[in-house]
Amino acid sequence: MVSAQPCGGTKPGGFGGLAVSWRLAGEWGGSVGAGSGVQASEVPSTGPPPLPLPRSLSSTAAAAGTGTWPKDVGILALEVYFPAQYVEQSELERYDGVEAGKYTRGLGQQQMGFCAAHEDINSLCLTVVQRLVERGRLSWDAIGRLEVGTETVIDKSKAVKTVLMELFRESGNTDVEGIDTTNACYGGTASLFNAASWVESSAWDGRYAVVVCGDIAVYATGNARPTGGAGAIAMLVGPNAPLVLERGLRGTHMEHAYDFYKPDLSSEYPVVDGPLSIQCYLRALDRCYAVYRRKAESQWQQAGIKRPFTLDDFKFIIFHTPFCKLVQKSVGRLLLNDFLAAPSPDTAAGLYKGLQPFRGLKLEDTYTSKEVEKAFQTASQEIFNQKTKPSLLLSSRNGNMYTPSMYGCLASLLAQCSAQDLAGSRIGAFSYGSGLAASMFSLRVSQDAAPGSPLDQLLSSLADLPARLDSRKRVAPQDFADIMKRREETHHLANHTPHGSQADLFPGTWYLERVDDKYRRQYARKPV
């Protein structure tokens, strides 16, 4: 079984706010924020002081439209939502009549979060965006772009983004760029890349971008059902960030494959070719890593440094996680790449000891080799423990969230590491979406780990993640199966009140209240 381990000391919980004081560029000129008459989100009157940005946007917005490149564009804040109920995978094994350990040891999964029929993709995204804005003490006017990555399609025309605009109604801010982006689990990464590109473009007006990733991963009864999950993540993107997207270091691989797809538009369930999907994932990993390494080495050569890029150059590495065991195999896969690329690896001692028999292999011939998989998974065990295992907390306890999956790994890592552990480090990230689209990129962490620094505050805002997971309600497998059956039978209905109780939701959660006879959806929010 894969269980997450902390990579640093514990940190105090709590969440401050993002002190918002910003000025629009060019002819807009005037300040917007406290005292401006703009309707801000309601926040508690008590609690920790606001979380400061590295600098307020008033000092960077002036660069918009002037040709000045915004510095250190990346993730300023991150918010996570997952359902308030879950099923134990060990209990699901017994209920499904499979051998003990098939889901826990074989897949590396402990628990699986799930949604009843009164939660849908719109409600998940409403919840996580409002939580980001409220806990960050942001003004809705401070957001100039919002893009949603999701594959949970409940309307073939109307975007989730348009529903989220209801949150902006009182502020009057309708000047918000962005729309939904869809390709399996990759849409969130495409949205993040688009957000960063917007901030670095001539279109940027000095405001924040928000990236939303959300999905409900459900499967028909059978061996794929334990790989489900649900959740949403929202990220605030802008300059002077504590997590910076490294420029020029991005390797992408795209191809046409039917490994996982959803051709039946009347069903929430996908069609899955499991063995092909794993092979596609690993092939995409190989290709993305090769392109990423080539670009990193090219940058080094321009700086007068000539050496190969290896796993040692990532302090941490996170992955899209369909199930945790695949991630452990993926770390071994990257080590295989390093081994085959090394001009003369030492196979008598050290990391590559005993691997000489695999020296002449070609990557494309190894995807189905259990011998290669086992050898390199064993050789990379310590690398996995140090660089990746801490990131699997949310994946192992909530399951596969699809588009938010890799960003849940990022949140898990940040929740369990100290600022000192992370400062100045490079976090590698592999994002994959079936069909297929994949990218490897990296985040450079701020050097400033001082108490109260933006990095320290970001980590503190996520420190309650384990406690939030512990606070969920455990549901018996039979009740879980009944809820899934009811969802399957009713998710597409009009003139319908969905089944579900507010008692099964966290405070502040949005939920689907009613679908009218024209399929228009009405939402309400459980009081905070």
# chains A, B, ... in the order shown; residues from 1 in each chain; ligands from 1

call {"tool": "residues_around", "arguments": {"residues": "segment 394-399 of chain A", "least_positions_apart": "3", "cutoff": "8 Å", "atoms": "only C-alpha atoms", "output": "number ranges by chain"}}
result
A: 2-4, 82, 86, 108-113, 227-230, 321-324, 391, 405, 408-409, 412, 469

call {"tool": "select_by_dssp", "arguments": {"residues": "segment 293-484 of chain A", "states": "helix (DSSP H, G or I)", "output": "ChimeraX atom specification"}}
result
/A:293-302,311-313,324-341,350-352,356-358,363-365,370-379,381-387,389-398,405-416,419-422,454-461,465-470,477-484

call {"tool": "atom_distance", "arguments": {"atom1": "atom CA of Val327 of chain A", "atom2": "atom CA of Phe384 of chain A"}}
result
8.9 Å

call {"tool": "closest_residue", "arguments": {"among": "A:Leu334, A:Ile75, A:Leu311, A:Leu505", "to": "Lys473 of chain A", "atoms": "only C-alpha atoms"}}
result
A:Leu505

call {"tool": "residues_around", "arguments": {"residues": "Ala437 of chain A", "least_positions_apart": "2", "cutoff": "10 Å", "atoms": "only C-alpha atoms", "output": "ChimeraX atom specification"}}
result
/A:183-187,190,252-257,280-281,284,431-435,439

call {"tool": "closest_residue", "arguments": {"among": "A:Asp448, A:Glu93, A:Glu246, A:Asp141", "to": "Gly206 of chain A", "atoms": "only C-alpha atoms"}}
result
A:Asp141

call {"tool": "residues_around", "arguments": {"residues": "Asn495 of chain A", "least_positions_apart": "2", "cutoff": "9 Å", "atoms": "only C-alpha atoms", "output": "PyMOL selection string"}}
result
chain A and resi 493+497+514-520

call {"tool": "write_last_selection", "arguments": {"atoms": "N, CA, C and O atoms", "output": "mmCIF file, in the first residue's frame"}}
result
data_model
loop_
_atom_site.group_PDB
_atom_site.id
_atom_site.type_symbol
_atom_site.label_atom_id
_atom_site.label_comp_id
_atom_site.auth_asym_id
_atom_site.auth_seq_id
_atom_site.Cartn_x
_atom_site.Cartn_y
_atom_site.Cartn_z
ATOM 1 N N LEU A 493 -31.815 13.702 -15.531
ATOM 2 C CA LEU A 493 -33.244 14.010 -15.532
ATOM 3 C C LEU A 493 -33.537 15.505 -15.490
ATOM 4 O O LEU A 493 -32.794 16.293 -14.889
ATOM 5 N N THR A 497 -35.632 16.967 -8.433
ATOM 6 C CA THR A 497 -34.881 17.386 -7.242
ATOM 7 C C THR A 497 -33.913 16.267 -6.883
ATOM 8 O O THR A 497 -34.346 15.166 -6.531
ATOM 9 N N ARG A 514 -32.076 21.971 -7.649
ATOM 10 C CA ARG A 514 -33.236 21.648 -8.494
ATOM 11 C C ARG A 514 -32.826 21.733 -9.964
ATOM 12 O O ARG A 514 -32.018 22.572 -10.346
ATOM 13 N N VAL A 515 -33.383 20.827 -10.781
ATOM 14 C CA VAL A 515 -33.296 20.940 -12.240
ATOM 15 C C VAL A 515 -34.714 21.122 -12.753
ATOM 16 O O VAL A 515 -35.580 20.281 -12.482
ATOM 17 N N ASP A 516 -34.967 22.224 -13.458
ATOM 18 C CA ASP A 516 -36.350 22.487 -13.862
ATOM 19 C C ASP A 516 -36.687 21.750 -15.163
ATOM 20 O O ASP A 516 -35.874 20.974 -15.682
ATOM 21 N N ASP A 517 -37.896 22.002 -15.697
ATOM 22 C CA ASP A 517 -38.357 21.233 -16.859
ATOM 23 C C ASP A 517 -37.633 21.603 -18.148
ATOM 24 O O ASP A 517 -37.788 20.936 -19.173
ATOM 25 N N LYS A 518 -36.823 22.668 -18.100
ATOM 26 C CA LYS A 518 -35.989 23.046 -19.244
ATOM 27 C C LYS A 518 -34.514 22.756 -18.978
ATOM 28 O O LYS A 518 -33.640 23.323 -19.615
ATOM 29 N N TYR A 519 -34.262 21.902 -18.034
ATOM 30 C CA TYR A 519 -32.903 21.460 -17.670
ATOM 31 C C TYR A 519 -32.048 22.573 -17.058
ATOM 32 O O TYR A 519 -30.824 22.442 -16.980
ATOM 33 N N ARG A 520 -32.670 23.654 -16.626
ATOM 34 C CA ARG A 520 -31.916 24.728 -15.989
ATOM 35 C C ARG A 520 -31.634 24.343 -14.532
ATOM 36 O O ARG A 520 -32.548 23.929 -13.825
#

call {"tool": "atom_distance", "arguments": {"atom1": "atom CA of Phe376 of chain A", "atom2": "atom CA of Leu249 of chain A"}}
result
25.7 Å

call {"tool": "residues_around", "arguments": {"residues": "Ile318 of chain A", "least_positions_apart": "5", "cutoff": "7 Å", "atoms": "only C-alpha atoms", "output": "list in words"}}
result
Thr388, Ser391, Met406, Cys409, Leu410, Gly428, Ala429 and Phe430 of chain A

call {"tool": "closest_residue", "arguments": {"among": "A:Arg287, A:Arg293, A:Lys325, A:Lys158", "to": "Arg105 of chain A", "atoms": "only C-alpha atoms"}}
result
A:Lys325
